[in-house]
Amino acid sequence: MSRLAAEHNAINLSQGFPDFDSPPELIALVDKYLRAGNNQYAPMAGLPALREVIAEKVDYLYGSNYDPETEITVTAGGTQAIFTALAAVIQPGDEVIVFEPAYDSYAPSIRLLGGLVKPFELAPPDYKIDWTMVRKLISARTRMIIINSPQNPTGAILDEDDIQQLITITRGTDILILSDEVYEHLVYDGKAHLSMARYEELKERSFITVSFGKLFHTTGWKIGYCLAPTPLMSEFRKVHQFLVFSVNTPMQYAIAEFLKQKDYYTGLSAFFQEKRDFFRRLMKETRFELLPCAGSYFQCADIKNLTDERDTEFVKRLTTDFGVAAIPSSAFYGRGTDFRIIRFCFAKKQETLEQAVSLLTKV
Ligand SMILES: Cc1ncc(COP(=O)(O)O)c(C=O)c1O
C-alpha cells in the first residue's frame, strides 16, 4: 500500500510509521556519540548502560526486576526480537497459537522454523478473546501463544480478565508466551498496559519484545529489545549471536542517555491519545464507521456503509481515486478473512490528518 500511495501521490495512512520527527535532543545525542567515535561493535547483548536503563524502566513501569546481565538483550528492532525468540524455542512440529488479525511477521517466521500456526480469529467490533475456545486449540504440541497488546491492527488491549484466563490456561503446562509489546506506551483513557512483566506466573514463561522505533518515532532505526528469564534468554542469545551479533553502537549510547527521562515515555500515551481523539473527531464528518481504539496508533473503520467491494479492492480505489492509503484488515488474517474493516495509522501531523480526512469525506 505504501508503494501504491507513493505512485499515486496519496496521503499514506497505511503503514505504521509517524510523519513527524523524534525528539531533537535524542538526535543531538546520536550525533554526539557518532562524533565521539563510538562506531565499533557493541557487546553482543547490548551496551551495559542501555540494558541497565531498560531494567530501570521496566521496574519503574511494571514493578518487575530483570537482570541486565542475563535477562535483557538489545535487538535490531521488534521484528528481529520476535524472530529470534521463535527460533530459540520452536522445533519442527511445534504448534503456536496466533490471534488474528496479527502482525504479519509471526506466521511466516513460525513456518520457516517448521512450526505449525494455529490461528485464532478475532472478530470486530471489539476483537474480544473467547478463552473457552482458545482452550480447545491447545494440544500436547502447543509450544507457544503469541500475545500482542495493544494489538496491531485492531487497537484492542488485554484486560485483567484476559490476563487471569491466560494464567489459568498456561498453569501447569510448558507453554511459552511471546508477548509483543511494541505499543506498550500507547494505551489510552487512563488504562494501564498489562505487561507480562507484571505477573510472576506469566513472566517466567515469556519473551517480551519491544521496539524503540515506536517509542521514539524512529521506525527506521531498527532497534529494540527483548526481556526474558535467564533460561529463555540464554537460548535467545544463542540465536541472536549469529543472526545479528550486535546492534548499532551510537544509537545505543544515545538511547541509554535519553531513556533516563521518565517524563518522555510516561507522556507518550497523552501525546498519542490527543492524535487519536483529533482523528476520530474529524472522521465524524465521513461515512466510515469507527471501531473502538484502546491502544496502538491504529484506528480501524468499518466500510460496509460505503461499498460492497472486498476490503482489498476498496483500499486500492481509496488510494487511486481519493488519494488516501489504508490497509485492508483481511491482510492480517492467514485465510484472508474479510470483515470489511480497514486500518488507518493516525501517528501523523495534525495537517496530514486534516488533509486526509478532507479527502475521506468525499467517499
Ligand atoms: C505489532 C508489531 N510488532 C512488531 C513490530 C516491528 O517493530 P520493529 O519496526 O521494531 O521491527 C511492529 C511494527 O509495525 C508491530 O506493529
# chains A, B, ... in the order shown; residues from 1 in each chain; ligands from 1
$ residues_near_ligand --ligand "ligand 1" --cutoff "10 Å" --atoms "only C-alpha atoms and all ligand atoms" --output "PyMOL selection string"
chain A and resi 15-17+75-83+102-106+147-153+179-183+209-215+218-225+296-298
$ write_last_selection --atoms "C-alpha atoms" --output "PDB file, in the first residue's frame"
ATOM      1  CA  GLN A  15       1.972   1.609   7.070  1.00  0.00           C
ATOM      2  CA  GLY A  16       2.572   2.192  10.785  1.00  0.00           C
ATOM      3  CA  PHE A  17       5.126   4.984  10.953  1.00  0.00           C
ATOM      4  CA  THR A  75      17.952  -6.230  19.259  1.00  0.00           C
ATOM      5  CA  ALA A  76      17.743  -4.805  15.760  1.00  0.00           C
ATOM      6  CA  GLY A  77      14.088  -3.875  16.295  1.00  0.00           C
ATOM      7  CA  GLY A  78      10.965  -5.697  17.372  1.00  0.00           C
ATOM      8  CA  THR A  79      10.768  -7.971  14.335  1.00  0.00           C
ATOM      9  CA  GLN A  80      14.240  -9.365  14.903  1.00  0.00           C
ATOM     10  CA  ALA A  81      13.431  -9.911  18.566  1.00  0.00           C
ATOM     11  CA  ILE A  82      10.279 -11.821  17.571  1.00  0.00           C
ATOM     12  CA  PHE A  83      12.085 -13.993  15.031  1.00  0.00           C
ATOM     13  CA  ALA A 102      -1.972 -10.345  13.519  1.00  0.00           C
ATOM     14  CA  TYR A 103       1.250  -8.511  12.736  1.00  0.00           C
ATOM     15  CA  ASP A 104       2.484 -10.061   9.546  1.00  0.00           C
ATOM     16  CA  SER A 105       5.857 -11.440  10.677  1.00  0.00           C
ATOM     17  CA  TYR A 106       4.539 -14.055  13.129  1.00  0.00           C
ATOM     18  CA  ILE A 147       0.122 -12.113  22.568  1.00  0.00           C
ATOM     19  CA  ASN A 148       0.121  -8.599  21.149  1.00  0.00           C
ATOM     20  CA  SER A 149      -1.386  -5.948  23.401  1.00  0.00           C
ATOM     21  CA  PRO A 150      -2.050  -3.205  22.377  1.00  0.00           C
ATOM     22  CA  GLN A 151      -2.767  -5.043  19.180  1.00  0.00           C
ATOM     23  CA  ASN A 152      -1.862  -4.160  15.648  1.00  0.00           C
ATOM     24  CA  PRO A 153      -4.130  -3.693  13.672  1.00  0.00           C
ATOM     25  CA  SER A 179       4.405 -11.048  24.190  1.00  0.00           C
ATOM     26  CA  ASP A 180       4.857  -8.437  21.505  1.00  0.00           C
ATOM     27  CA  GLU A 181       4.599  -5.199  23.488  1.00  0.00           C
ATOM     28  CA  VAL A 182       5.865  -2.700  20.924  1.00  0.00           C
ATOM     29  CA  TYR A 183       2.897  -0.412  21.675  1.00  0.00           C
ATOM     30  CA  THR A 209       9.640  -7.863  22.721  1.00  0.00           C
ATOM     31  CA  VAL A 210       9.758  -4.078  22.449  1.00  0.00           C
ATOM     32  CA  SER A 211      10.679  -1.577  19.718  1.00  0.00           C
ATOM     33  CA  PHE A 212      12.431   1.762  20.209  1.00  0.00           C
ATOM     34  CA  GLY A 213      11.148   2.630  16.735  1.00  0.00           C
ATOM     35  CA  LYS A 214       7.665   3.013  18.216  1.00  0.00           C
ATOM     36  CA  LEU A 215       8.913   4.739  21.351  1.00  0.00           C
ATOM     37  CA  THR A 218      12.212   6.317  14.683  1.00  0.00           C
ATOM     38  CA  THR A 219      10.958   3.188  12.908  1.00  0.00           C
ATOM     39  CA  GLY A 220      13.918   3.456  10.501  1.00  0.00           C
ATOM     40  CA  TRP A 221      16.474   2.964  13.273  1.00  0.00           C
ATOM     41  CA  LYS A 222      15.507  -0.669  13.753  1.00  0.00           C
ATOM     42  CA  ILE A 223      16.428  -1.018  17.383  1.00  0.00           C
ATOM     43  CA  GLY A 224      14.546  -2.624  20.265  1.00  0.00           C
ATOM     44  CA  TYR A 225      14.994  -5.220  22.971  1.00  0.00           C
ATOM     45  CA  SER A 296      -1.657   1.479  19.498  1.00  0.00           C
ATOM     46  CA  TYR A 297      -1.619   4.132  16.768  1.00  0.00           C
ATOM     47  CA  PHE A 298      -4.146   2.454  14.556  1.00  0.00           C
TER      48      PHE A 298
END
$ select_by_dssp --residues "range 68-126 of chain A" --states "strand (DSSP E)" --output "PyMOL selection string"
chain A and resi 72-75+95-100+116-121
$ write_last_selection --atoms "C-alpha atoms" --output "PDB file, in the first residue's frame"
ATOM      1  CA  ILE A  72      17.813  -8.244  28.693  1.00  0.00           C
ATOM      2  CA  THR A  73      19.136  -8.222  25.113  1.00  0.00           C
ATOM      3  CA  VAL A  74      19.203  -5.260  22.737  1.00  0.00           C
ATOM      4  CA  THR A  75      17.952  -6.230  19.259  1.00  0.00           C
ATOM      5  CA  GLU A  95       2.241 -25.538  17.468  1.00  0.00           C
ATOM      6  CA  VAL A  96       1.964 -21.806  18.063  1.00  0.00           C
ATOM      7  CA  ILE A  97      -1.358 -20.095  18.777  1.00  0.00           C
ATOM      8  CA  VAL A  98      -1.641 -16.776  16.980  1.00  0.00           C
ATOM      9  CA  PHE A  99      -4.536 -14.353  17.486  1.00  0.00           C
ATOM     10  CA  GLU A 100      -5.614 -12.882  14.173  1.00  0.00           C
ATOM     11  CA  LEU A 116       2.589 -25.002  12.838  1.00  0.00           C
ATOM     12  CA  VAL A 117       0.488 -21.863  13.080  1.00  0.00           C
ATOM     13  CA  LYS A 118      -2.765 -22.356  14.989  1.00  0.00           C
ATOM     14  CA  PRO A 119      -4.722 -19.229  14.125  1.00  0.00           C
ATOM     15  CA  PHE A 120      -7.467 -17.959  16.392  1.00  0.00           C
ATOM     16  CA  GLU A 121      -9.596 -15.468  14.526  1.00  0.00           C
TER      17      GLU A 121
END
$ closest_residue --among "A:Lys304, A:Asn65, A:Tyr265, A:Asp19" --to "Glu200 in chain A" --atoms "only C-alpha atoms"
A:Asn65
$ closest_residue --among "A:Leu29, A:Val239, A:Cys300, A:Lys316" --to "Tyr127 in chain A" --atoms "only C-alpha atoms"
A:Cys300
$ residues_around --residues "Met44 in chain A" --least-positions-apart "6" --cutoff "12 Å" --atoms "only C-alpha atoms" --output "list of chain:residue names"
A:Arg51, A:Glu69, A:Thr70, A:Ile72, A:Thr73, A:Val74, A:Thr75, A:Ala76, A:Phe236, A:Arg237, A:Lys238, A:Val239, A:His240, A:Gln241, A:Phe242, A:Leu243, A:Val244, A:Phe245, A:Ser246, A:Val247, A:Asn248, A:Thr249
$ closest_residue --among "A:Gly155, A:Pro292, A:Gln299, A:Asp338" --to "Phe314 in chain A" --atoms "only C-alpha atoms"
A:Asp338
$ closest_atom_pairs --of "range 74-139 of chain A" --to "range 227-234 of chain A" --cutoff "9 Å" --atoms "only C-alpha atoms" --output "Markdown table"
| residue | atom | partner | partner_atom | distance |
| --- | --- | --- | --- | --- |
| A:Ala85 | CA | A:Leu232 | CA | 8.5 |
| A:Ala88 | CA | A:Leu232 | CA | 8.1 |
| A:Val89 | CA | A:Leu232 | CA | 8.3 |
$ write_last_selection --atoms "N, CA and C atoms" --output "short mmCIF file (atom, residue, chain, number, x, y, z; two decimals), in the first residue's frame"
data_model
loop_
_atom_site.label_atom_id
_atom_site.label_comp_id
_atom_site.auth_asym_id
_atom_site.auth_seq_id
_atom_site.Cartn_x
_atom_site.Cartn_y
_atom_site.Cartn_z
N ALA A 85 13.29 -14.95 19.17
CA ALA A 85 12.61 -15.69 20.25
C ALA A 85 12.00 -16.97 19.69
N ALA A 88 14.64 -19.52 18.85
CA ALA A 88 15.29 -20.08 20.04
C ALA A 88 14.54 -21.29 20.59
N VAL A 89 13.23 -21.34 20.36
CA VAL A 89 12.46 -22.40 21.06
C VAL A 89 11.56 -23.26 20.18
#
$ closest_residue --among "A:Pro328, A:Pro68, A:Gly267, A:Gly323" --to "Gly190 in chain A" --atoms "only C-alpha atoms"
A:Gly267
$ closest_residue --among "A:Met133, A:Ala301, A:Leu318, A:Ala356" --to "Thr154 in chain A" --atoms "only C-alpha atoms"
A:Ala301
$ select_by_dssp --residues "range 115-190 of chain A" --states "helix (DSSP H, G or I)" --output "PyMOL selection string"
chain A and resi 131-137+160-170
$ closest_residue --among "A:Pro18, A:Leu194, A:Val363, A:Ser109" --to "Phe272 in chain A" --atoms "only C-alpha atoms"
A:Pro18
$ atom_distance --atom1 "CA of Asn39 in chain A" --atom2 "CA of Asp21 in chain A"
23.3 Å
$ residues_around --residues "Leu290 in chain A" --least-positions-apart "5" --cutoff "10 Å" --atoms "only C-alpha atoms" --output "PyMOL selection string"
chain A and resi 125+280+283-284+299-303+341-343
$ atom_distance --atom1 "CA of Ala42 in chain A" --atom2 "CA of Ala256 in chain A"
12.9 Å
$ residues_around --residues "Gly114 in chain A" --least-positions-apart "5" --cutoff "7 Å" --atoms "only C-alpha atoms" --output "list in words"
Gln91, Pro92 and Gly93 of chain A
$ residues_around --residues "Leu166 in chain A" --least-positions-apart "4" --cutoff "9 Å" --atoms "only C-alpha atoms" --output "PyMOL selection string"
chain A and resi 131+161-162+170-171+202
$ residues_around --residues "Ile138 in chain A" --least-positions-apart "2" --cutoff "9 Å" --atoms "only C-alpha atoms" --output "PDB file with N, CA and C atoms, in the first residue's frame"
ATOM      1  N   GLU A  95       3.383 -26.388  17.825  1.00  0.00           N
ATOM      2  CA  GLU A  95       2.241 -25.538  17.468  1.00  0.00           C
ATOM      3  C   GLU A  95       2.315 -24.200  18.203  1.00  0.00           C
ATOM      4  N   ILE A  97      -0.045 -20.749  18.901  1.00  0.00           N
ATOM      5  CA  ILE A  97      -1.358 -20.095  18.777  1.00  0.00           C
ATOM      6  C   ILE A  97      -1.150 -18.610  18.489  1.00  0.00           C
ATOM      7  N   VAL A 134     -10.211 -20.790  22.963  1.00  0.00           N
ATOM      8  CA  VAL A 134      -8.740 -20.882  22.890  1.00  0.00           C
ATOM      9  C   VAL A 134      -8.290 -22.209  23.511  1.00  0.00           C
ATOM     10  N   ARG A 135      -8.911 -22.550  24.639  1.00  0.00           N
ATOM     11  CA  ARG A 135      -8.568 -23.781  25.356  1.00  0.00           C
ATOM     12  C   ARG A 135      -8.676 -24.991  24.438  1.00  0.00           C
ATOM     13  N   LYS A 136      -9.662 -24.952  23.547  1.00  0.00           N
ATOM     14  CA  LYS A 136      -9.873 -26.085  22.629  1.00  0.00           C
ATOM     15  C   LYS A 136      -8.754 -26.218  21.590  1.00  0.00           C
ATOM     16  N   ALA A 140      -1.085 -31.261  23.071  1.00  0.00           N
ATOM     17  CA  ALA A 140       0.194 -31.644  23.676  1.00  0.00           C
ATOM     18  C   ALA A 140       1.360 -31.005  22.924  1.00  0.00           C
ATOM     19  N   ARG A 141       1.109 -30.563  21.685  1.00  0.00           N
ATOM     20  CA  ARG A 141       2.187 -29.982  20.878  1.00  0.00           C
ATOM     21  C   ARG A 141       2.229 -28.462  20.951  1.00  0.00           C
ATOM     22  N   THR A 142       1.298 -27.869  21.721  1.00  0.00           N
ATOM     23  CA  THR A 142       1.306 -26.396  21.819  1.00  0.00           C
ATOM     24  C   THR A 142       2.569 -25.949  22.548  1.00  0.00           C
ATOM     25  N   ILE A 169      -4.907 -20.856  31.812  1.00  0.00           N
ATOM     26  CA  ILE A 169      -4.748 -21.742  30.650  1.00  0.00           C
ATOM     27  C   ILE A 169      -3.318 -22.312  30.553  1.00  0.00           C
TER      28      ILE A 169
END
$ decode --residues "range 36-176 of chain A" --atoms "C-alpha atoms" --output "CSV table (one decimal), in the first residue's frame"
chain,number,residue,atom,x,y,z
A,36,ALA,CA,32.9,10.9,19.7
A,37,GLY,CA,34.0,7.8,17.8
A,38,ASN,CA,31.6,5.2,19.2
A,39,ASN,CA,31.4,3.4,15.9
A,40,GLN,CA,32.6,-0.1,16.5
A,41,TYR,CA,30.8,-3.3,17.6
A,42,ALA,CA,28.8,-3.1,20.8
A,43,PRO,CA,28.8,-6.1,23.2
A,44,MET,CA,26.6,-8.9,21.9
A,45,ALA,CA,23.8,-8.5,24.4
A,46,GLY,CA,23.8,-4.7,24.1
A,47,LEU,CA,25.6,-1.8,25.8
A,48,PRO,CA,25.5,-2.4,29.6
A,49,ALA,CA,24.4,1.2,30.2
A,50,LEU,CA,21.4,0.7,27.9
A,51,ARG,CA,20.4,-2.6,29.4
A,52,GLU,CA,20.6,-1.0,32.9
A,53,VAL,CA,18.3,1.8,31.9
A,54,ILE,CA,15.9,-0.6,30.3
A,55,ALA,CA,15.9,-2.6,33.6
A,56,GLU,CA,15.1,0.7,35.5
A,57,LYS,CA,12.3,1.5,33.1
A,58,VAL,CA,10.7,-1.9,33.4
A,59,ASP,CA,11.0,-1.8,37.2
A,60,TYR,CA,9.5,1.7,37.3
A,61,LEU,CA,6.6,0.9,35.0
A,62,TYR,CA,5.7,-2.6,36.0
A,63,GLY,CA,7.4,-3.2,39.3
A,64,SER,CA,9.4,-6.0,37.8
A,65,ASN,CA,13.0,-6.9,38.0
A,66,TYR,CA,15.0,-8.1,35.1
A,67,ASP,CA,18.8,-8.7,35.4
A,68,PRO,CA,20.5,-6.6,32.7
A,69,GLU,CA,23.4,-9.1,32.7
A,70,THR,CA,21.3,-12.2,31.8
A,71,GLU,CA,17.7,-11.2,31.1
A,72,ILE,CA,17.8,-8.2,28.7
A,73,THR,CA,19.1,-8.2,25.1
A,74,VAL,CA,19.2,-5.3,22.7
A,75,THR,CA,18.0,-6.2,19.3
A,76,ALA,CA,17.7,-4.8,15.8
A,77,GLY,CA,14.1,-3.9,16.3
A,78,GLY,CA,11.0,-5.7,17.4
A,79,THR,CA,10.8,-8.0,14.3
A,80,GLN,CA,14.2,-9.4,14.9
A,81,ALA,CA,13.4,-9.9,18.6
A,82,ILE,CA,10.3,-11.8,17.6
A,83,PHE,CA,12.1,-14.0,15.0
A,84,THR,CA,14.9,-14.7,17.4
A,85,ALA,CA,12.6,-15.7,20.3
A,86,LEU,CA,10.8,-18.1,17.9
A,87,ALA,CA,14.0,-19.5,16.5
A,88,ALA,CA,15.3,-20.1,20.0
A,89,VAL,CA,12.5,-22.4,21.1
A,90,ILE,CA,10.3,-23.6,18.1
A,91,GLN,CA,11.1,-27.1,16.8
A,92,PRO,CA,9.6,-28.6,13.7
A,93,GLY,CA,6.0,-29.8,14.5
A,94,ASP,CA,5.6,-27.4,17.5
A,95,GLU,CA,2.2,-25.5,17.5
A,96,VAL,CA,2.0,-21.8,18.1
A,97,ILE,CA,-1.4,-20.1,18.8
A,98,VAL,CA,-1.6,-16.8,17.0
A,99,PHE,CA,-4.5,-14.4,17.5
A,100,GLU,CA,-5.6,-12.9,14.2
A,101,PRO,CA,-5.7,-10.3,12.8
A,102,ALA,CA,-2.0,-10.3,13.5
A,103,TYR,CA,1.3,-8.5,12.7
A,104,ASP,CA,2.5,-10.1,9.5
A,105,SER,CA,5.9,-11.4,10.7
A,106,TYR,CA,4.5,-14.1,13.1
A,107,ALA,CA,3.1,-16.8,10.8
A,108,PRO,CA,5.9,-16.8,8.2
A,109,SER,CA,8.6,-16.9,10.9
A,110,ILE,CA,6.9,-19.8,12.7
A,111,ARG,CA,6.5,-21.7,9.4
A,112,LEU,CA,10.1,-21.1,8.4
A,113,LEU,CA,11.2,-22.8,11.6
A,114,GLY,CA,9.0,-25.8,10.8
A,115,GLY,CA,6.3,-24.8,13.4
A,116,LEU,CA,2.6,-25.0,12.8
A,117,VAL,CA,0.5,-21.9,13.1
A,118,LYS,CA,-2.8,-22.4,15.0
A,119,PRO,CA,-4.7,-19.2,14.1
A,120,PHE,CA,-7.5,-18.0,16.4
A,121,GLU,CA,-9.6,-15.5,14.5
A,122,LEU,CA,-10.9,-12.5,16.5
A,123,ALA,CA,-13.9,-10.5,15.1
A,124,PRO,CA,-14.9,-6.9,15.1
A,125,PRO,CA,-16.0,-4.7,16.6
A,126,ASP,CA,-14.3,-5.4,19.9
A,127,TYR,CA,-11.9,-8.4,18.9
A,128,LYS,CA,-12.5,-9.9,22.3
A,129,ILE,CA,-10.8,-13.3,23.0
A,130,ASP,CA,-13.1,-16.2,23.8
A,131,TRP,CA,-10.8,-18.1,26.1
A,132,THR,CA,-13.0,-21.2,26.3
A,133,MET,CA,-12.5,-21.6,22.5
A,134,VAL,CA,-8.7,-20.9,22.9
A,135,ARG,CA,-8.6,-23.8,25.4
A,136,LYS,CA,-9.9,-26.1,22.6
A,137,LEU,CA,-6.9,-25.2,20.4
A,138,ILE,CA,-4.4,-26.3,23.0
A,139,SER,CA,-2.8,-29.7,22.4
A,140,ALA,CA,0.2,-31.6,23.7
A,141,ARG,CA,2.2,-30.0,20.9
A,142,THR,CA,1.3,-26.4,21.8
A,143,ARG,CA,4.7,-24.7,22.4
A,144,MET,CA,3.7,-21.1,22.5
A,145,ILE,CA,1.0,-18.5,22.5
A,146,ILE,CA,1.7,-15.1,20.9
A,147,ILE,CA,0.1,-12.1,22.6
A,148,ASN,CA,0.1,-8.6,21.1
A,149,SER,CA,-1.4,-5.9,23.4
A,150,PRO,CA,-2.0,-3.2,22.4
A,151,GLN,CA,-2.8,-5.0,19.2
A,152,ASN,CA,-1.9,-4.2,15.6
A,153,PRO,CA,-4.1,-3.7,13.7
A,154,THR,CA,-7.2,-3.6,16.0
A,155,GLY,CA,-6.1,-1.3,18.7
A,156,ALA,CA,-7.6,-3.7,21.3
A,157,ILE,CA,-5.9,-4.3,24.6
A,158,LEU,CA,-6.0,-7.2,27.1
A,159,ASP,CA,-7.8,-6.6,30.4
A,160,GLU,CA,-7.4,-8.2,33.8
A,161,ASP,CA,-9.8,-10.9,33.0
A,162,ASP,CA,-7.8,-11.8,29.8
A,163,ILE,CA,-4.7,-12.0,32.0
A,164,GLN,CA,-6.3,-14.2,34.6
A,165,GLN,CA,-7.5,-16.5,31.8
A,166,LEU,CA,-4.0,-16.7,30.3
A,167,ILE,CA,-2.6,-17.5,33.7
A,168,THR,CA,-5.1,-20.3,34.1
A,169,ILE,CA,-4.7,-21.7,30.6
A,170,THR,CA,-1.0,-22.0,30.8
A,171,ARG,CA,-0.6,-23.0,34.5
A,172,GLY,CA,1.0,-26.5,34.9
A,173,THR,CA,2.0,-26.6,31.2
A,174,ASP,CA,5.3,-26.0,29.3
A,175,ILE,CA,3.6,-23.4,27.0
A,176,LEU,CA,5.7,-20.3,26.4
